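Everything below belongs to coords.tsv, which stores TSV, C-alpha atoms and all ligand atoms.
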chain	number	residue	atom	x	y	z
I	1	ASP	CA	104.47	110.60	99.21
I	2	LEU	CA	105.34	107.01	100.07
I	3	THR	CA	109.09	107.34	99.59
I	4	ALA	CA	110.19	107.35	103.20
I	5	SER	CA	109.28	103.72	103.59
I	6	TYR	CA	110.94	101.70	100.85
I	7	VAL	CA	107.97	101.45	98.55
I	8	GLY	CA	108.46	100.26	95.00
I	9	ALA	CA	106.63	99.82	91.71
I	10	ALA	CA	107.08	97.62	88.68
I	11	VAL	CA	107.56	99.60	85.48
I	12	PRO	CA	107.37	98.71	81.79
I	13	ALA	CA	110.55	99.33	79.82
I	14	GLU	CA	111.51	99.83	76.21
I	15	TYR	CA	112.79	96.70	74.49
I	16	GLN	CA	114.71	96.67	71.22
I	17	ASN	CA	112.33	99.07	69.52
I	18	TRP	CA	109.37	96.72	69.39
I	19	PHE	CA	108.08	97.64	72.81
I	20	SER	CA	108.40	101.40	72.81
I	21	ASN	CA	105.87	102.45	75.43
I	22	GLY	CA	108.15	102.05	78.42
I	23	ILE	CA	108.95	104.46	81.18
I	24	LEU	CA	111.94	105.99	79.41
I	25	SER	CA	109.66	107.53	76.79
I	26	ARG	CA	107.02	108.63	79.31
I	27	PRO	CA	108.00	111.67	81.40
I	28	ASP	CA	104.61	111.63	83.14
I	29	LEU	CA	105.20	108.11	84.43
I	30	GLN	CA	108.77	108.98	85.39
I	31	ASN	CA	107.54	111.91	87.45
I	32	VAL	CA	105.03	109.78	89.34
I	33	VAL	CA	107.65	107.13	90.08
I	34	ILE	CA	110.21	109.66	91.30
I	35	GLN	CA	107.66	111.48	93.41
I	36	HIS	CA	105.93	108.51	95.03
I	37	PHE	CA	108.27	105.53	95.00
I	38	ASP	CA	111.84	104.79	95.95
I	39	GLN	CA	112.34	101.49	94.17
I	40	ILE	CA	111.49	99.97	90.80
I	41	THR	CA	111.30	96.47	89.42
I	42	ALA	CA	111.50	95.84	85.68
I	43	GLU	CA	108.14	94.31	84.84
I	44	ASN	CA	109.71	92.15	82.10
I	45	ILE	CA	113.12	93.05	80.74
I	46	MET	CA	115.29	91.36	83.34
I	47	LYS	CA	113.69	87.97	82.66
I	48	SER	CA	115.75	85.35	80.84
I	49	SER	CA	114.01	85.63	77.46
I	50	TYR	CA	115.01	89.30	77.34
I	51	LEU	CA	118.50	89.09	78.79
I	52	GLN	CA	119.70	85.96	76.98
I	53	PRO	CA	117.52	85.65	73.86
I	54	THR	CA	119.96	83.25	72.21
I	55	GLN	CA	122.49	81.12	73.99
I	56	GLY	CA	125.52	83.07	75.12
I	57	ASN	CA	124.27	86.35	73.63
I	58	PHE	CA	123.29	88.61	76.48
I	59	SER	CA	121.29	91.71	75.62
I	60	PHE	CA	121.73	94.13	78.48
I	61	GLU	CA	121.23	97.45	76.75
I	62	ASP	CA	117.55	98.06	77.48
I	63	ALA	CA	117.74	96.82	81.05
I	64	ASP	CA	120.88	98.89	81.58
I	65	ASN	CA	119.06	102.00	80.35
I	66	LEU	CA	116.30	101.37	82.89
I	67	VAL	CA	118.68	100.63	85.77
I	68	ASN	CA	120.78	103.70	84.97
I	69	TRP	CA	117.67	105.87	84.84
I	70	ALA	CA	116.72	104.61	88.29
I	71	LEU	CA	120.16	105.19	89.76
I	72	ASP	CA	120.35	108.68	88.22
I	73	ASN	CA	117.06	109.50	89.93
I	74	GLY	CA	117.79	108.11	93.37
I	75	VAL	CA	115.55	105.08	92.93
I	76	THR	CA	116.81	101.61	93.91
I	77	VAL	CA	116.27	98.49	91.80
I	78	HIS	CA	114.80	95.18	92.92
I	79	ALA	CA	115.80	92.79	90.13
I	80	HIS	CA	113.42	90.14	88.75
I	81	ALA	CA	114.05	87.24	88.07
I	82	LEU	CA	117.02	84.91	87.57
I	83	VAL	CA	115.43	81.45	87.48
I	84	TRP	CA	111.80	81.06	86.43
I	85	HIS	CA	109.91	78.57	84.27
I	86	SER	CA	108.08	81.35	82.44
I	87	GLN	CA	109.36	83.91	79.92
I	88	MET	CA	112.35	81.68	79.16
I	89	PRO	CA	113.80	81.85	75.64
I	90	ASP	CA	112.95	78.83	73.47
I	91	TRP	CA	116.58	77.72	73.28
I	92	MET	CA	116.66	77.46	77.08
I	93	ILE	CA	113.41	75.51	77.37
I	94	ASN	CA	114.68	73.04	74.77
I	95	PHE	CA	118.27	72.94	76.02
I	96	SER	CA	119.82	69.47	75.79
I	97	GLY	CA	123.26	70.02	77.37
I	98	ASN	CA	124.33	70.35	81.01
I	99	TRP	CA	121.57	72.28	82.76
I	100	GLU	CA	123.59	73.13	85.82
I	101	ASP	CA	126.30	74.76	83.71
I	102	MET	CA	123.67	76.55	81.65
I	103	MET	CA	121.94	77.86	84.77
I	104	GLU	CA	125.27	78.94	86.21
I	105	ALA	CA	126.23	80.82	83.04
I	106	HIS	CA	122.95	82.74	83.09
I	107	ILE	CA	122.99	83.56	86.80
I	108	THR	CA	126.67	84.44	86.90
I	109	THR	CA	126.66	86.65	83.83
I	110	VAL	CA	123.49	88.50	84.78
I	111	ALA	CA	124.08	88.87	88.51
I	112	GLN	CA	127.69	89.98	88.00
I	113	HIS	CA	126.58	92.51	85.44
I	114	TYR	CA	124.17	94.13	87.92
I	115	ALA	CA	126.22	93.67	91.08
I	116	GLY	CA	126.48	96.97	92.91
I	117	LYS	CA	123.59	98.42	90.91
I	118	VAL	CA	120.64	96.43	92.22
I	119	VAL	CA	119.80	96.02	95.89
I	120	SER	CA	118.05	92.66	95.64
I	121	TRP	CA	117.18	89.76	93.33
I	122	ASP	CA	114.33	87.36	92.95
I	123	VAL	CA	116.66	84.40	92.51
I	124	VAL	CA	114.01	81.70	92.07
I	125	ASN	CA	110.44	82.50	91.11
I	126	GLU	CA	107.38	80.22	91.44
I	127	ALA	CA	108.86	76.75	91.99
I	128	PHE	CA	105.70	75.25	93.52
I	129	ASN	CA	102.27	74.26	92.27
I	130	ASP	CA	99.16	75.34	94.12
I	131	ASN	CA	97.93	71.74	94.41
I	132	ASN	CA	97.50	70.54	97.94
I	133	ASP	CA	99.45	67.37	98.69
I	134	ASN	CA	99.26	66.35	102.36
I	135	GLY	CA	99.45	69.97	103.39
I	136	TYR	CA	102.30	70.79	101.03
I	137	ALA	CA	102.26	71.99	97.44
I	138	SER	CA	104.11	69.95	94.85
I	139	TYR	CA	107.13	71.21	92.97
I	140	ARG	CA	106.29	72.26	89.43
I	141	ASP	CA	107.47	69.50	87.12
I	142	THR	CA	105.67	68.56	83.94
I	143	ASP	CA	103.07	70.75	82.29
I	144	ALA	CA	100.49	68.02	82.88
I	145	ASN	CA	101.11	68.13	86.62
I	146	SER	CA	101.38	71.89	86.74
I	147	GLY	CA	98.39	73.23	84.86
I	148	GLY	CA	100.33	73.74	81.64
I	149	HIS	CA	103.07	75.64	83.46
I	150	GLY	CA	105.66	73.04	84.37
I	151	SER	CA	109.24	73.89	85.18
I	152	PRO	CA	112.14	72.76	83.02
I	153	TRP	CA	114.42	73.72	85.92
I	154	TYR	CA	112.88	71.13	88.22
I	155	ARG	CA	112.57	68.54	85.46
I	156	ASN	CA	116.23	68.81	84.58
I	157	LEU	CA	117.86	69.47	87.94
I	158	GLY	CA	115.41	68.27	90.60
I	159	LYS	CA	114.68	70.40	93.63
I	160	ASP	CA	118.40	71.13	94.13
I	161	PHE	CA	118.14	73.75	91.42
I	162	ILE	CA	116.96	76.08	94.16
I	163	PRO	CA	119.92	75.94	96.58
I	164	LYS	CA	122.28	75.85	93.61
I	165	ALA	CA	120.73	78.98	92.14
I	166	PHE	CA	121.09	80.87	95.43
I	167	THR	CA	124.70	79.79	95.85
I	168	MET	CA	125.52	80.88	92.29
I	169	ALA	CA	123.76	84.21	92.77
I	170	ARG	CA	125.68	84.93	95.96
I	171	ALA	CA	128.98	84.06	94.27
I	172	ALA	CA	128.15	86.55	91.52
I	173	ASP	CA	126.86	89.35	93.76
I	174	ALA	CA	128.22	89.51	97.29
I	175	SER	CA	125.77	92.06	98.62
I	176	ALA	CA	122.35	91.95	96.95
I	177	GLU	CA	119.57	90.52	99.09
I	178	LEU	CA	118.46	87.20	97.64
I	179	TYR	CA	114.78	86.22	97.61
I	180	TYR	CA	112.63	83.21	96.85
I	181	ASN	CA	109.44	84.67	95.32
I	182	ASP	CA	105.99	83.14	94.82
I	183	TYR	CA	102.26	83.84	94.56
I	184	ASN	CA	99.30	82.48	96.53
I	185	ILE	CA	101.45	82.01	99.61
I	186	GLU	CA	99.67	84.75	101.57
I	187	ASP	CA	96.63	82.57	102.37
I	188	ASP	CA	98.47	80.51	105.00
I	189	GLY	CA	97.82	77.33	103.02
I	190	ALA	CA	99.61	74.37	101.46
I	191	LYS	CA	101.83	76.45	99.23
I	192	LEU	CA	103.06	78.54	102.16
I	193	ASN	CA	103.86	75.29	103.96
I	194	SER	CA	106.04	74.28	101.03
I	195	VAL	CA	107.85	77.61	101.11
I	196	LEU	CA	108.37	77.30	104.88
I	197	ARG	CA	109.77	73.79	104.45
I	198	LEU	CA	112.04	75.05	101.67
I	199	ALA	CA	113.21	77.86	103.97
I	200	ASP	CA	114.02	75.34	106.70
I	201	GLU	CA	116.02	73.23	104.29
I	202	LEU	CA	117.94	76.16	102.84
I	203	LEU	CA	118.72	77.63	106.26
I	204	ALA	CA	119.80	74.26	107.66
I	205	ASP	CA	122.22	73.93	104.74
I	206	ASP	CA	123.53	77.49	105.09
I	207	VAL	CA	122.28	78.38	101.62
I	208	PRO	CA	122.55	82.16	101.11
I	209	ILE	CA	118.89	83.23	101.11
I	210	ASN	CA	117.84	86.52	102.69
I	211	GLY	CA	114.10	86.46	102.37
I	212	ILE	CA	110.80	85.39	100.92
I	213	GLY	CA	108.98	87.52	98.37
I	214	PHE	CA	105.21	87.47	98.57
I	215	GLN	CA	103.96	88.46	95.12
I	216	MET	CA	100.47	89.19	96.46
I	217	HIS	CA	98.29	89.33	93.37
I	218	VAL	CA	95.27	89.31	95.66
I	219	ASN	CA	91.54	89.95	95.34
I	220	TYR	CA	89.55	92.59	97.14
I	221	ASP	CA	88.04	89.85	99.29
I	222	TRP	CA	90.71	87.12	99.33
I	223	PRO	CA	92.69	86.12	101.33
I	224	SER	CA	91.59	87.53	104.66
I	225	ALA	CA	93.83	90.12	106.30
I	226	GLU	CA	94.20	87.68	109.18
I	227	ALA	CA	95.55	84.91	106.93
I	228	ILE	CA	97.88	87.41	105.26
I	229	GLY	CA	99.25	88.56	108.61
I	230	THR	CA	99.72	84.98	109.81
I	231	SER	CA	101.58	84.11	106.59
I	232	PHE	CA	103.98	87.04	107.07
I	233	ALA	CA	104.52	86.10	110.71
I	234	LYS	CA	105.36	82.49	109.86
I	235	VAL	CA	108.09	83.56	107.45
I	236	ALA	CA	109.39	86.22	109.82
I	237	ALA	CA	109.64	83.57	112.55
I	238	LYS	CA	112.26	81.82	110.41
I	239	GLY	CA	114.44	84.92	110.69
I	240	LEU	CA	114.04	85.70	106.99
I	241	LYS	CA	113.11	89.02	105.47
I	242	VAL	CA	109.61	89.45	104.10
I	243	LYS	CA	109.13	91.51	100.97
I	244	ILE	CA	105.84	92.20	99.21
I	245	THR	CA	107.06	92.13	95.63
I	246	GLU	CA	104.10	92.43	93.23
I	247	LEU	CA	101.09	93.76	95.09
I	248	ASP	CA	97.92	94.47	93.17
I	249	ILE	CA	94.29	94.14	94.23
I	250	LYS	CA	91.79	92.75	91.75
I	251	MET	CA	88.46	94.52	92.10
I	252	ASN	CA	86.76	92.45	89.40
I	253	PRO	CA	88.07	88.90	89.76
I	254	ASN	CA	84.82	87.34	88.54
I	255	GLY	CA	84.15	89.72	85.68
I	256	ASP	CA	80.78	90.87	87.01
I	257	ARG	CA	81.74	94.52	87.61
I	258	ASP	CA	81.64	96.88	84.63
I	259	ASN	CA	82.77	100.12	86.23
I	260	PHE	CA	85.02	101.24	89.01
I	261	THR	CA	82.54	102.90	91.34
I	262	ALA	CA	83.15	105.18	94.31
I	263	ALA	CA	82.13	102.32	96.59
I	264	MET	CA	84.74	100.07	94.99
I	265	ALA	CA	87.35	102.80	95.32
I	266	GLN	CA	86.60	102.97	99.03
I	267	GLN	CA	86.70	99.17	99.34
I	268	GLN	CA	90.07	99.12	97.60
I	269	LYS	CA	91.41	101.90	99.83
I	270	GLU	CA	90.52	99.88	102.93
I	271	ARG	CA	91.98	96.75	101.39
I	272	TYR	CA	95.35	98.38	100.63
I	273	GLN	CA	95.37	99.78	104.14
I	274	GLU	CA	94.67	96.44	105.84
I	275	ILE	CA	97.34	94.65	103.82
I	276	VAL	CA	100.04	97.22	104.51
I	277	ALA	CA	98.97	97.30	108.16
I	278	ALA	CA	99.23	93.49	108.35
I	279	TYR	CA	102.77	93.76	106.99
I	280	PHE	CA	103.86	96.29	109.60
I	281	ALA	CA	102.13	94.42	112.40
I	282	ASN	CA	103.68	91.05	111.60
I	283	VAL	CA	107.14	91.76	110.22
I	284	PRO	CA	109.74	93.19	112.61
I	285	ALA	CA	111.37	96.38	111.32
I	286	ASN	CA	114.75	94.79	110.62
I	287	GLN	CA	113.12	92.03	108.54
I	288	ARG	CA	111.12	94.31	106.24
I	289	GLY	CA	112.27	94.09	102.66
I	290	GLY	CA	109.73	96.69	101.54
I	291	ILE	CA	106.50	96.73	99.57
I	292	SER	CA	106.24	96.96	95.79
I	293	VAL	CA	103.13	97.27	93.66
I	294	TRP	CA	103.00	95.56	90.26
I	295	GLY	CA	102.60	98.64	88.12
I	296	VAL	CA	101.71	102.29	88.60
I	297	SER	CA	98.70	103.08	86.41
I	298	ASP	CA	95.64	100.89	85.96
I	299	ALA	CA	96.11	101.49	82.23
I	300	ASP	CA	99.32	99.42	82.33
I	301	SER	CA	98.26	96.64	84.70
I	302	TRP	CA	98.81	93.07	83.57
I	303	ILE	CA	95.62	91.96	85.36
I	304	PRO	CA	93.03	92.51	82.58
I	305	ASN	CA	95.14	90.40	80.22
I	306	PHE	CA	95.57	87.76	82.88
I	307	THR	CA	91.95	87.45	84.04
I	308	GLY	CA	90.23	88.52	80.84
I	309	HIS	CA	88.18	91.11	82.78
I	310	ASN	CA	88.27	94.88	83.14
I	311	ASP	CA	90.04	95.78	86.33
I	312	TRP	CA	91.48	98.64	88.36
I	313	PRO	CA	94.07	96.98	90.65
I	314	LEU	CA	96.65	99.74	91.26
I	315	LEU	CA	97.18	103.03	93.10
I	316	PHE	CA	96.86	105.37	90.09
I	317	ASP	CA	94.05	105.50	87.53
I	318	GLU	CA	94.29	105.36	83.74
I	319	GLN	CA	95.16	109.08	83.66
I	320	LEU	CA	97.89	108.59	86.26
I	321	GLN	CA	95.81	110.36	88.88
I	322	GLN	CA	95.95	109.17	92.48
I	323	LYS	CA	93.14	106.88	93.58
I	324	PRO	CA	91.81	106.58	97.13
I	325	ALA	CA	93.89	103.38	97.29
I	326	ILE	CA	97.08	105.38	97.73
I	327	GLU	CA	95.65	107.08	100.80
I	328	GLY	CA	94.82	103.71	102.31
I	329	PHE	CA	98.36	102.52	101.60
I	330	ALA	CA	99.90	105.67	103.08
I	331	ASN	CA	97.64	105.56	106.15
I	332	ALA	CA	99.20	102.25	107.17
I	333	LEU	CA	102.83	103.30	106.79
I	401	LIG	C1	103.92	89.55	84.17
I	401	LIG	C2	104.01	90.90	83.50
I	401	LIG	O1	103.35	91.84	84.31
I	401	LIG	C3	103.38	90.85	82.13
I	401	LIG	O2	103.63	92.06	81.42
I	401	LIG	C4	103.94	89.68	81.33
I	401	LIG	O3	103.24	89.55	80.11
I	401	LIG	C5	103.84	88.39	82.11
I	401	LIG	O4	104.47	88.54	83.37
I	401	LIG	N1	104.34	86.87	88.50
I	401	LIG	C6	105.58	87.36	88.19
I	401	LIG	C7	105.71	88.42	87.16
I	401	LIG	O5	106.57	87.00	88.83
I	401	LIG	O6	106.91	88.32	86.44
I	401	LIG	C8	104.54	88.44	86.21
I	401	LIG	O7	104.67	89.59	85.37
I	401	LIG	C9	103.23	88.45	86.97
I	401	LIG	C10	103.12	87.22	87.82

Represent the structure from my file as structure tokens, please.
Amino acid sequence: DLTASYVGAAVPAEYQNWFSNGILSRPDLQNVVIQHFDQITAENIMKSSYLQPTQGNFSFEDADNLVNWALDNGVTVHAHALVWHSQMPDWMINFSGNWEDMMEAHITTVAQHYAGKVVSWDVVNEAFNDNNDNGYASYRDTDANSGGHGSPWYRNLGKDFIPKAFTMARAADASAELYYNDYNIEDDGAKLNSVLRLADELLADDVPINGIGFQMHVNYDWPSAEAIGTSFAKVAAKGLKVKITELDIKMNPNGDRDNFTAAMAQQQKERYQEIVAAYFANVPANQRGGISVWGVSDADSWIPNFTGHNDWPLLFDEQLQQKPAIEGFANAL
């Protein structure tokens, strides 16, 4: 039972009848979430392509069903994500009008709709490249500069899209905690430096940001627990909250492991434990935004699709049985 400590999980959700294997049709998954977690994140359906599939037509029904299920079951919702270059609808990517107005319409409509129902938002997701540039990562701009994953937000609005997005989100929801969220920032490297510089700029300008989300799609052996702890401490030193938003631990990042062995289960248990311990050791209690894993069962994890390898990154196995990993996690709470 992890529920005393603000622990969350991403869950799949039904979407307009074509994705019908979500949590609302799976009582077994519902039971595990209610028993072991006290927060959910929608793995996909609160992204812009789902909520505003065509311009001005918001489709809230499926996300509402998920949010209402959570609230009916005493589970809070961390909402993900308002402004992201990925999983945007085509009309938005190709938009030729006023981008600031378009961004404001999306943020305002969505954040107002969920105000009072969600406890926090990932306002901006993944604005930086991994590329090292004098100790800082570059902003995502064109696909060519960003590994095929450039950001139309940056291209159209420049880096001010970030403070603008936070200001719009706060105007639409007076109380949700507002996060900047990114991956590969837990290795205390160039990309973390960019996030720290962004934090300095936003705080100096009184932009309403509450914290930094560390996605933490990590490997069993990367980054070191020491680098992870240092990364948390550097953000905490800014006075911001630290939230682990999408934790999973790849056990087969190189594709050379065919089976999940007992030794790997033990390795993963220790790895979950050291990461959660690093969080508690480096983030003061009043700056802890909580820890969420990116999925419940290994059967649903996005990782095999992403890496192209078998993997077993989560706390529950394909049959929704607890793995040793959950003990490691709980040991550190
Ligand atoms: C992933 C989902 O898990 C997949 O189902 C989907 O196909 C792609 O997106 N960083 C994020 C998440 O912020 O939104 C991503 O979720 C994983 C990486």

Between region 128-198 of chain I and region 216-226 of chain I, at 12 Å or less, what are the per-residue closest atom pairs and their distances in Å? Count only C-alpha atoms, order by chain and rising residue number, and return it as a Markdown table.
| residue | atom | partner | partner_atom | distance |
| --- | --- | --- | --- | --- |
| I:Asn181 | CA | I:Met216 | CA | 10.1 |
| I:Asp182 | CA | I:Met216 | CA | 8.4 |
| I:Tyr183 | CA | I:Met216 | CA | 6.0 |
| I:Asn184 | CA | I:Met216 | CA | 6.8 |
| I:Ile185 | CA | I:Met216 | CA | 7.9 |
| I:Glu186 | CA | I:Met216 | CA | 6.8 |
| I:Asp187 | CA | I:Pro223 | CA | 5.4 |
| I:Asp188 | CA | I:Pro223 | CA | 8.9 |
| I:Gly189 | CA | I:Pro223 | CA | 10.3 |

Select, counting all atoms listed in the file, all protein, DNA and RNA residues no farther than 12 Å from (104.8, 99.9, 76.3) in file coordinates, and express the selection as a compact mmCIF listing (two decimals) with C-alpha atoms, in the frame of the given file.
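Dumped everything to result-v3.txt:
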# COMPACT_ATOMS: atom_id res chain seq x y z
CA VAL I 11 107.56 99.60 85.48
CA PRO I 12 107.37 98.71 81.79
CA ALA I 13 110.55 99.33 79.82
CA GLU I 14 111.51 99.83 76.21
CA TYR I 15 112.79 96.70 74.49
CA GLN I 16 114.71 96.67 71.22
CA ASN I 17 112.33 99.07 69.52
CA TRP I 18 109.37 96.72 69.39
CA PHE I 19 108.08 97.64 72.81
CA SER I 20 108.40 101.40 72.81
CA ASN I 21 105.87 102.45 75.43
CA GLY I 22 108.15 102.05 78.42
CA ILE I 23 108.95 104.46 81.18
CA LEU I 24 111.94 105.99 79.41
CA SER I 25 109.66 107.53 76.79
CA ARG I 26 107.02 108.63 79.31
CA LEU I 29 105.20 108.11 84.43
CA GLU I 43 108.14 94.31 84.84
CA ASN I 44 109.71 92.15 82.10
CA ILE I 45 113.12 93.05 80.74
CA ALA I 299 96.11 101.49 82.23
CA ASP I 300 99.32 99.42 82.33
CA SER I 301 98.26 96.64 84.70
CA TRP I 302 98.81 93.07 83.57

Need to verify the contact set: region 131-135 of chain I, 6 Å, all atoms listed in the file, exclusion of same-chain residues closer than 2 positions in sequence. Can you return it as a count of residues only? 3

Write out as lines of an AutoDock Vina configuration file an axis-aligned box for ligand LIG 401 (chain I): all of its atoms listed in the file, 8 Å added on each side, centre and edge lengths in Å with one decimal.
center_x = 105.0
center_y = 89.5
center_z = 84.5
size_x = 19.8
size_y = 21.2
size_z = 24.7

Taking only residues of region 210-282 of chain I that have an atom at most 12 Å from an atom of region 74-85 of chain I, what is each one's shortest atom pair and its distance in Å to one decimal, using only C-alpha atoms, in chain and number order, as a Markdown table?
| residue | atom | partner | partner_atom | distance |
| --- | --- | --- | --- | --- |
| I:Gly213 | CA | I:His80 | CA | 10.9 |
| I:Gln215 | CA | I:His80 | CA | 11.5 |
| I:Lys243 | CA | I:His78 | CA | 10.5 |
| I:Ile244 | CA | I:His78 | CA | 11.3 |
| I:Thr245 | CA | I:His78 | CA | 8.7 |
| I:Glu246 | CA | I:His80 | CA | 10.6 |

Figure out the distance between CA of Gln319 (chain I) and CA of Tyr6 (chain I), please, to one decimal in Å.
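A separation of 24.5 Å between them.
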
Excluding same-chain residues fewer than 5 positions from region 86-103 of chain I, what lies within 8 Å of it counting all atoms listed in the file, as a PDB file with C-alpha atoms, in the frame of the given file?
ATOM      1  CA  LYS I  47     113.690  87.970  82.660  1.00  0.00           C
ATOM      2  CA  SER I  48     115.750  85.350  80.840  1.00  0.00           C
ATOM      3  CA  SER I  49     114.010  85.630  77.460  1.00  0.00           C
ATOM      4  CA  TYR I  50     115.010  89.300  77.340  1.00  0.00           C
ATOM      5  CA  GLN I  52     119.700  85.960  76.980  1.00  0.00           C
ATOM      6  CA  PRO I  53     117.520  85.650  73.860  1.00  0.00           C
ATOM      7  CA  THR I  54     119.960  83.250  72.210  1.00  0.00           C
ATOM      8  CA  GLN I  55     122.490  81.120  73.990  1.00  0.00           C
ATOM      9  CA  HIS I 149     103.070  75.640  83.460  1.00  0.00           C
ATOM     10  CA  PRO I 152     112.140  72.760  83.020  1.00  0.00           C
ATOM     11  CA  TRP I 153     114.420  73.720  85.920  1.00  0.00           C
ATOM     12  CA  ASN I 156     116.230  68.810  84.580  1.00  0.00           C
ATOM     13  CA  LEU I 157     117.860  69.470  87.940  1.00  0.00           C
ATOM     14  CA  PHE I 161     118.140  73.750  91.420  1.00  0.00           C
ATOM     15  CA  ALA I 165     120.730  78.980  92.140  1.00  0.00           C
TER      16      ALA I 165
END

The distance between CA of Asp258 (chain I) and CA of Ala9 (chain I) is 26.1 Å

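Checking I:Met264, I:Ala127, I:Val33, I:Ala281 one by one against ligand LIG 401 (chain I), counting all atoms listed in the file, you find the shortest gap at I:Ala127.
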
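Between ligand LIG 401 (chain I) and the residues I:Trp121, I:Phe60, I:Phe260, I:Phe329, the shortest atom-to-atom distance, using all atoms listed in the file, involves I:Trp121.
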
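Coordinates place CA of Glu318 (chain I) at a distance of 14.2 Å from CA of Thr261 (chain I).
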
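Of the listed residues (I:Ala265, I:Val296, I:Ala144, I:Val283), I:Val296 comes nearest to Ile34 (chain I); the distances count all atoms listed in the file.
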
Residue with the minimum atom-to-atom distance to ligand LIG 401 (chain I), picked from I:Ala169, I:Leu178, I:Ile303, I:Ala277 with all atoms listed in the file counted, is I:Ile303

task: Write out as a ChimeraX atom specification which residues come within 12 Å of Ala115 (chain I) when counting all atoms listed in the file, dropping same-chain ones fewer than 5 positions away.
output: /I:67,77-79,107-110,120-121,169-177

**Message:** Taking 6 positions as the minimum chain separation for residues in the same chain, which residues sit within 12 Å of Asp256 (chain I) when counting only C-alpha atoms? Answer as a ChimeraX atom specification.
**Reply:** /I:308-311
